[in-house]
Structure formats: C-alpha cells, structure tokens
Amino acid sequence: MSEILLEVADLRVTYPGEGGDFAALRGIGFALGRERLGIVGESGSGKSTAGRAIMGLLPPSARVGAEVLRLGETDLRGLDEAGFRRLRGRRIGMVLQDPKYALNPLLRVGEQIAETHRTHLRQGRRAARQAALAMLESVHIRDPARVYRAFPHELSGGMGQRVMIAMMLIAGPEVLIADEPTSALDASVQRQVLAILDEQVRARGMGLLLISHNLHLVRAFCDRVLVMYAGRVVESCRASELAAARHPYTRGLLAALPDLAHRRARLPVLARDPDWLEPVR
Amino acid sequence: MIELHDVSIAYGGRDVVRGVSLSVAAGEAFGLVGESGSGKSTILRAIAGLAPPRAGHIRLAGQEMPRRRTRAQRMLAQMVFQDPYGSLHPAQLVDQSLQDPVAIQRLDDGEGRIARALAEVGLGPAQRFRFPHQLSGGQRQRVAIARALILAPPVLLLDEPTSALDVSVQAAILNLLDRLRRERGLTLLLVSHDLAVVAHLCARIAVMTEGEIVETTTAAHLAAGEVTHPYTRALLEANRF
C-alpha cells in the first residue's frame, strides 16, 4: 500500500448509560492510504461512529480510546476541540448524507465555501472567492457564479452535495470521510456525485473513507471494503472480492439483497449468530 | 381491482401526473418505478383518496371512486409509508395505533382483529404495548403493515416500504408482503426507486418520468434488459453497479 494517511488501531467508543455502558465501537483498526476504502454495515454497526470519532465529533458523553489514532504525523488521541478545529476542513473533511442539514440555510453557499478557505488559508476575501468559484467549477457546476449566490434551499440534492464536496476540498485535506454521501439522491444523480468524488480524490491523491449501508455501491466504487457488525470489523477484503466474502454475516447480507439478474421466490433472512459478537481472530 | 383511466393530478395549478392509465388485477403485485418527482407517490395518494385527481377516473374493486368517499370505499385501499417512525404516533402505544382504524370504521371484534393482524406480520403481545421508539425499524414497519391490514382491505398501497430499512430487514418485509399477497389474495401496488426490490415483488412494472408512464414492462423483461423506452434503459443503467 502507498503511504499511510490515516491509521487506526483498537479504536473503542463507549457511551455510559443507566443500564450499563454501551460499546458502540469495540476495537476497530485499519490503515488508509491514497485509496478508496469502504465501510459497510447495517444501522447500529458503528460505521458512522467510527467516522465521527476520527473527526472528533462525538458527543462529550462518549468515551473514546485507541491504541493508535493518527492522521499523518498527528496523534488524534486526546486532541482538544481547538486542535480538531484546526484539522477539520484543512486536513480532513467530511461529507454527510443530507446537504440540506449540513449547510447553513441563511448563508449563500459560495460564501460558505469561501469561509473554509479564509479560515484555513488566510489569503483574503478576494482569493477565497476566486478559489470557491474555481472549486465549484471543478465539481462540474456549469454556472459557478450563479450557484455561488444561491441559498441551500435553492439547490437540488445533487447540486447541494457537489457544493458540500467543494466546501470540503477547498482547503486541500489529505483525507475525506464521506458518510452515506449519496443515499438521499436518485440513482442517476448518485452516479454523477460519486464520479465527481472519485475524480477529485484521484486528482488530489487523497484517501477516501466511504461509509455506506449499500453493498453494491461500495463494491463498485471502492478499492477495499471493511464490513462492520456490532462495533467490530468482521471482514476486510478487496472490493472486487466481496462476492467471495467468507464471514457468514457478509454472506448473509449479500444473499438478502434482491437481485434483478437472479430473482428468487424468497429472500434468505439473516440469522444472527451470537458468535459474531466475539472478537475476530 | 385497481383501474386508472387517464388520470391527471395537479398541485398548485401544475399537473404532476398527466394522463396515467393502468390496471391491476386482483391478487397481482404491480410496481411503479421512477426518480423523485416523477409522480409515482402522487398516484398512490390519489388511489388512497389523499390527492383527488383533476381529471380521469379511479376505480377500485369495480367501483368508481367519487371525490368524497364513503366509509366503505375508504376501506378498499390502505397505505404503508416509507418511514414507519413518521407514520406512527410517537406518544401512542402500538395498541392505540391499531385501535384507531377499528374505532374510526366502527368495526366489531377489535380485539380479535388486532391480535390477528399482529400475528399476521409476525409480532406478538410483547410488541403491542410498546411505544414506536421501543421497537426496531423492521418491527415498526410491521406495525404499519398490521395497521393497514386491520381493515382487511383488498388493496395495499406501498410507498417505498423498505427504503428506510437495513437489507436483512428489507428481505424479511419483502417476504412478508409476498406471503400476504399469495395467502390473502391482496392486490399490491408498490412504489420504489429500487428496481431490484420492485422486480422481486412485482411481475408487472410501469416506469414513470415527469408525471407520465413511459413504459409498462415485466420483471422478466427488465431483468433481461429487454426494454424499449430510452428512459427505462437509463434507469436500468443507473441501477446497475
């Protein structure tokens, strides 16, 4: 693998509760290079918690521990909020599912993109505006000047997600975490947004962590895949080899998907095995 | 069982559904696919009586549906929505949500109906006295289906019933819907953006874009890629990963 941009080992996240602690992440590890790494799993598997833990975005009640949690040379363990604020946007970006909630509804989107530039690069308003317009163009927005002036509610879902990508890439981060970036979009728009994401990640030599519930999407789009179940990584393989996955959970998920090319009378329903909760040897 | 003849539906003076005709036989599962804004959910709402058409005719079980339906006519079709969390009252027990249709339609044997509906969707008394937030997503969708079944409607209208669910839960719900159709002879009209889901449940499928049906095909033709309209081809391509 190429140079490691993000390294995680034995990452644990626990939420204290009245009925005992809840372990959302029970020791996950991976190394991200200049590649597209997918994390798949069902709701509650901990995939989003992993992304948020890396970004320092978990609620204060969460207890986070890790053997290694490193972005390049920077140790993220014990980093305070001010430290994370310097990293977010500048060295690591995050795209979430719905741009409607991720963007400030009261600010023109161009100004929000430019703000990231100003905050991290400090080259002045004019430079920030120019950079934002160029960035909008590079995510294939045909009329950057018009979109720059638009408010979030004036944009379609696909356009909003392009704006988010532009905002996240403008300060030149090394790593991008995309958490269900296209789940709210129509299939055709989903493809366009993924193509733009792919083009940018390749051109900039970034590492991409793509978090998704969609096995088809991750298989088609990523280089490698981690499969998560109940706070652990149960399987890790090349995306092209996902069909030959060995873990019964991964196999069960794949079998449960309706398939246009192979229609079956009944879909097999996943029978969960308590053994899957044990650490993977 | 469901007949639409040249139905147009307008929102705010603009037609969002234009001249749609379709016919679904009793016991058949029929799918409507298309991207957001294509008008597929609006058609379901019109059949349920929630969006009166501007023009055209809707017939259910051989009866013409008037603008204001009688209570018996309202029992002909029941709807299941995408997000069961949004369609169940958060401060009401499952039991209350299931009592409502019984009370509204002034049915007898509410107790028996509720117990049977719950059993039919694979839930038991344990889930009956819970709040929606105490159930999993799949259990909530089962409650929504149970509520639709209480009135014993011949037609079930399903608007993206599994899009908010995990794939393993989706599989169980799709199996449940298919079993209900086979065992109870229910007529299903399923709206989804996921071609594989629609083709799994439905033998015949209509493709919609910009308020119109551009092609009616079969799951087998769709699977084989034997489609005629360019939009259907594009949709098929976009769904293929």
# chains A, B, ... in the order shown; residues from 1 in each chain; ligands from 1

call {"tool": "residues_around", "arguments": {"residues": "Arg140 (chain B)", "least_positions_apart": "2", "cutoff": "10 Å", "atoms": "only C-alpha atoms", "output": "PyMOL selection string"}}
result
chain B and resi 83-85+87-88+94+127+131-138+142-146

call {"tool": "write_last_selection", "arguments": {"atoms": "N, CA and C atoms", "output": "compact mmCIF listing (two decimals), in the first residue's frame"}}
result
# COMPACT_ATOMS: atom_id res chain seq x y z
N ASP B 83 -41.39 5.72 6.01
CA ASP B 83 -40.76 5.82 7.31
C ASP B 83 -41.78 5.53 8.40
N PRO B 84 -41.74 4.33 8.97
CA PRO B 84 -42.75 3.99 9.96
C PRO B 84 -42.64 4.87 11.20
N TYR B 85 -41.46 5.44 11.41
CA TYR B 85 -41.31 6.30 12.59
C TYR B 85 -42.14 7.56 12.40
N SER B 87 -44.87 7.67 10.52
CA SER B 87 -46.29 7.41 10.31
C SER B 87 -46.98 6.81 11.53
N LEU B 88 -46.21 6.56 12.60
CA LEU B 88 -46.83 6.09 13.84
C LEU B 88 -46.73 7.22 14.87
N VAL B 94 -48.40 1.09 20.48
CA VAL B 94 -48.77 0.35 19.27
C VAL B 94 -50.25 -0.02 19.32
N GLN B 127 -45.01 -6.80 21.69
CA GLN B 127 -44.80 -5.53 20.99
C GLN B 127 -46.04 -4.63 21.04
N PHE B 131 -44.08 1.62 22.85
CA PHE B 131 -44.11 2.83 22.03
C PHE B 131 -43.24 2.59 20.79
N PRO B 132 -43.51 3.36 19.71
CA PRO B 132 -42.73 3.16 18.49
C PRO B 132 -41.21 3.22 18.72
N HIS B 133 -40.75 4.12 19.61
CA HIS B 133 -39.29 4.24 19.79
C HIS B 133 -38.70 3.03 20.52
N GLN B 134 -39.57 2.18 21.08
CA GLN B 134 -39.05 0.98 21.75
C GLN B 134 -38.96 -0.21 20.80
N LEU B 135 -39.29 0.04 19.54
CA LEU B 135 -39.23 -1.04 18.55
C LEU B 135 -38.10 -0.78 17.56
N SER B 136 -37.65 -1.83 16.89
CA SER B 136 -36.66 -1.66 15.83
C SER B 136 -37.37 -1.16 14.57
N GLY B 137 -36.58 -0.71 13.59
CA GLY B 137 -37.15 -0.20 12.35
C GLY B 137 -38.03 -1.23 11.65
N GLY B 138 -37.57 -2.47 11.64
CA GLY B 138 -38.34 -3.53 10.98
C GLY B 138 -39.64 -3.80 11.73
N ARG B 142 -43.54 -3.39 10.48
CA ARG B 142 -44.54 -4.45 10.64
C ARG B 142 -45.81 -3.92 11.30
N VAL B 143 -45.63 -3.00 12.27
CA VAL B 143 -46.81 -2.39 12.91
C VAL B 143 -47.60 -1.61 11.87
N ALA B 144 -46.89 -0.85 11.03
CA ALA B 144 -47.58 -0.06 10.00
C ALA B 144 -48.34 -0.98 9.05
N ILE B 145 -47.77 -2.12 8.72
CA ILE B 145 -48.46 -3.07 7.84
C ILE B 145 -49.66 -3.68 8.57
N ALA B 146 -49.46 -4.01 9.85
CA ALA B 146 -50.56 -4.56 10.64
C ALA B 146 -51.73 -3.58 10.69

call {"tool": "interface_residues", "arguments": {"of": "chain B", "to": "chain A", "cutoff": "6 Å", "atoms": "only C-alpha atoms", "output": "list of chain:residue names"}}
result
B:Glu35, B:Asp166, B:Ser168, B:Ala171, B:Ala172, B:Ala196, B:Val197, B:Ala223, B:Ala238, B:Phe241

call {"tool": "write_last_selection", "arguments": {"atoms": "N, CA and C atoms", "output": "mmCIF file, in the first residue's frame"}}
result
data_model
loop_
_atom_site.group_PDB
_atom_site.id
_atom_site.type_symbol
_atom_site.label_atom_id
_atom_site.label_comp_id
_atom_site.auth_asym_id
_atom_site.auth_seq_id
_atom_site.Cartn_x
_atom_site.Cartn_y
_atom_site.Cartn_z
ATOM 1 N N GLU B 35 -37.778 8.231 -10.826
ATOM 2 C CA GLU B 35 -36.950 9.014 -9.909
ATOM 3 C C GLU B 35 -37.841 9.948 -9.095
ATOM 4 N N ASP B 166 -32.632 -1.715 6.886
ATOM 5 C CA ASP B 166 -31.429 -2.456 6.544
ATOM 6 C C ASP B 166 -31.775 -3.609 5.608
ATOM 7 N N SER B 168 -31.129 -6.774 5.583
ATOM 8 C CA SER B 168 -31.619 -8.035 6.151
ATOM 9 C C SER B 168 -33.073 -7.882 6.600
ATOM 10 N N ALA B 171 -35.354 -7.766 3.491
ATOM 11 C CA ALA B 171 -35.642 -9.109 2.974
ATOM 12 C C ALA B 171 -36.849 -9.700 3.701
ATOM 13 N N ALA B 172 -36.887 -9.543 5.035
ATOM 14 C CA ALA B 172 -37.990 -10.112 5.814
ATOM 15 C C ALA B 172 -39.310 -9.431 5.473
ATOM 16 N N ALA B 196 -34.476 -3.513 -8.286
ATOM 17 C CA ALA B 196 -34.345 -4.899 -7.832
ATOM 18 C C ALA B 196 -35.459 -5.240 -6.837
ATOM 19 N N VAL B 197 -35.801 -4.280 -5.973
ATOM 20 C CA VAL B 197 -36.874 -4.503 -4.999
ATOM 21 C C VAL B 197 -38.211 -4.660 -5.721
ATOM 22 N N ALA B 223 -35.244 -7.634 -16.131
ATOM 23 C CA ALA B 223 -34.049 -8.385 -15.737
ATOM 24 C C ALA B 223 -33.186 -8.722 -16.946
ATOM 25 N N ALA B 238 -28.535 3.147 -14.486
ATOM 26 C CA ALA B 238 -28.190 3.841 -13.244
ATOM 27 C C ALA B 238 -28.310 2.911 -12.042
ATOM 28 N N PHE B 241 -24.815 -1.512 -10.604
ATOM 29 C CA PHE B 241 -23.491 -1.165 -10.068
ATOM 30 C C PHE B 241 -22.519 -2.284 -10.351
#

call {"tool": "select_by_dssp", "arguments": {"residues": "region 73-209 of chain B", "states": "strand (DSSP E or B)", "output": "list in words"}}
result
Ala77, Gln78, Met79, Val80, Val155, Leu156, Leu157, Leu158, Asp159, Thr187, Leu188, Leu189, Leu190, Val191, Ser192, Arg204, Ile205, Ala206, Val207, Met208 and Thr209 of chain B

call {"tool": "residues_around", "arguments": {"residues": "Ile104 (chain B)", "least_positions_apart": "6", "cutoff": "12 Å", "atoms": "only C-alpha atoms", "output": "MDAnalysis selection string"}}
result
chainID B and resid 71:72 74:75 97:98 110 150:151

call {"tool": "write_last_selection", "arguments": {"atoms": "N, CA and C atoms", "output": "PDB file, in the first residue's frame"}}
result
ATOM      1  N   ARG B  71     -67.444   5.560   3.831  1.00  0.00           N
ATOM      2  CA  ARG B  71     -66.571   4.858   4.765  1.00  0.00           C
ATOM      3  C   ARG B  71     -66.167   3.491   4.191  1.00  0.00           C
ATOM      4  N   ALA B  72     -67.119   2.830   3.553  1.00  0.00           N
ATOM      5  CA  ALA B  72     -66.814   1.519   2.972  1.00  0.00           C
ATOM      6  C   ALA B  72     -65.785   1.654   1.853  1.00  0.00           C
ATOM      7  N   ARG B  74     -63.481   3.884   1.658  1.00  0.00           N
ATOM      8  CA  ARG B  74     -62.170   4.178   2.226  1.00  0.00           C
ATOM      9  C   ARG B  74     -61.480   2.926   2.748  1.00  0.00           C
ATOM     10  N   MET B  75     -62.269   1.893   2.965  1.00  0.00           N
ATOM     11  CA  MET B  75     -61.666   0.644   3.463  1.00  0.00           C
ATOM     12  C   MET B  75     -61.067  -0.201   2.342  1.00  0.00           C
ATOM     13  N   SER B  97     -52.429   2.794  18.227  1.00  0.00           N
ATOM     14  CA  SER B  97     -52.363   2.975  16.765  1.00  0.00           C
ATOM     15  C   SER B  97     -53.210   1.941  16.042  1.00  0.00           C
ATOM     16  N   LEU B  98     -53.296   0.748  16.624  1.00  0.00           N
ATOM     17  CA  LEU B  98     -54.077  -0.314  15.982  1.00  0.00           C
ATOM     18  C   LEU B  98     -55.568  -0.211  16.316  1.00  0.00           C
ATOM     19  N   GLY B 110     -62.757  -5.717  17.667  1.00  0.00           N
ATOM     20  CA  GLY B 110     -61.465  -5.029  17.567  1.00  0.00           C
ATOM     21  C   GLY B 110     -60.341  -5.856  18.134  1.00  0.00           C
ATOM     22  N   ILE B 150     -55.686  -4.288   9.354  1.00  0.00           N
ATOM     23  CA  ILE B 150     -56.815  -4.407  10.284  1.00  0.00           C
ATOM     24  C   ILE B 150     -58.154  -4.229   9.580  1.00  0.00           C
ATOM     25  N   LEU B 151     -58.184  -3.343   8.587  1.00  0.00           N
ATOM     26  CA  LEU B 151     -59.437  -3.105   7.880  1.00  0.00           C
ATOM     27  C   LEU B 151     -59.687  -4.152   6.807  1.00  0.00           C
TER      28      LEU B 151
END

call {"tool": "atom_distance", "arguments": {"atom1": "CA of Arg36 (chain A)", "atom2": "CA of Val68 (chain A)"}}
result
20.5 Å

call {"tool": "atom_distance", "arguments": {"atom1": "CA of Asp98 (chain A)", "atom2": "CA of Phe151 (chain A)"}}
result
14.9 Å

call {"tool": "closest_residue", "arguments": {"among": "B:Ala148, B:Ala119, B:Ala25, B:Gly62", "to": "Gln99 (chain B)", "atoms": "only C-alpha atoms"}}
result
B:Ala148

call {"tool": "residues_around", "arguments": {"residues": "Val13 (chain A)", "least_positions_apart": "2", "cutoff": "6 Å", "atoms": "only C-alpha atoms", "output": "ChimeraX atom specification"}}
result
/A:24-25,63-64

call {"tool": "write_last_selection", "arguments": {"atoms": "N, CA, C and O atoms", "output": "PDB file, in the first residue's frame"}}
result
ATOM      1  N   ALA A  24     -20.182   1.147  21.481  1.00  0.00           N
ATOM      2  CA  ALA A  24     -20.559   1.390  20.082  1.00  0.00           C
ATOM      3  C   ALA A  24     -19.462   0.901  19.147  1.00  0.00           C
ATOM      4  O   ALA A  24     -19.741   0.397  18.071  1.00  0.00           O
ATOM      5  N   LEU A  25     -18.217   1.079  19.551  1.00  0.00           N
ATOM      6  CA  LEU A  25     -17.081   0.544  18.796  1.00  0.00           C
ATOM      7  C   LEU A  25     -16.260  -0.307  19.738  1.00  0.00           C
ATOM      8  O   LEU A  25     -15.882   0.143  20.817  1.00  0.00           O
ATOM      9  N   ARG A  63     -16.951   7.987  25.528  1.00  0.00           N
ATOM     10  CA  ARG A  63     -15.572   7.724  25.960  1.00  0.00           C
ATOM     11  C   ARG A  63     -14.836   7.084  24.788  1.00  0.00           C
ATOM     12  O   ARG A  63     -15.222   6.028  24.288  1.00  0.00           O
ATOM     13  N   VAL A  64     -13.790   7.754  24.339  1.00  0.00           N
ATOM     14  CA  VAL A  64     -13.049   7.291  23.169  1.00  0.00           C
ATOM     15  C   VAL A  64     -11.665   6.834  23.607  1.00  0.00           C
ATOM     16  O   VAL A  64     -10.988   7.522  24.364  1.00  0.00           O
TER      17      VAL A  64
END
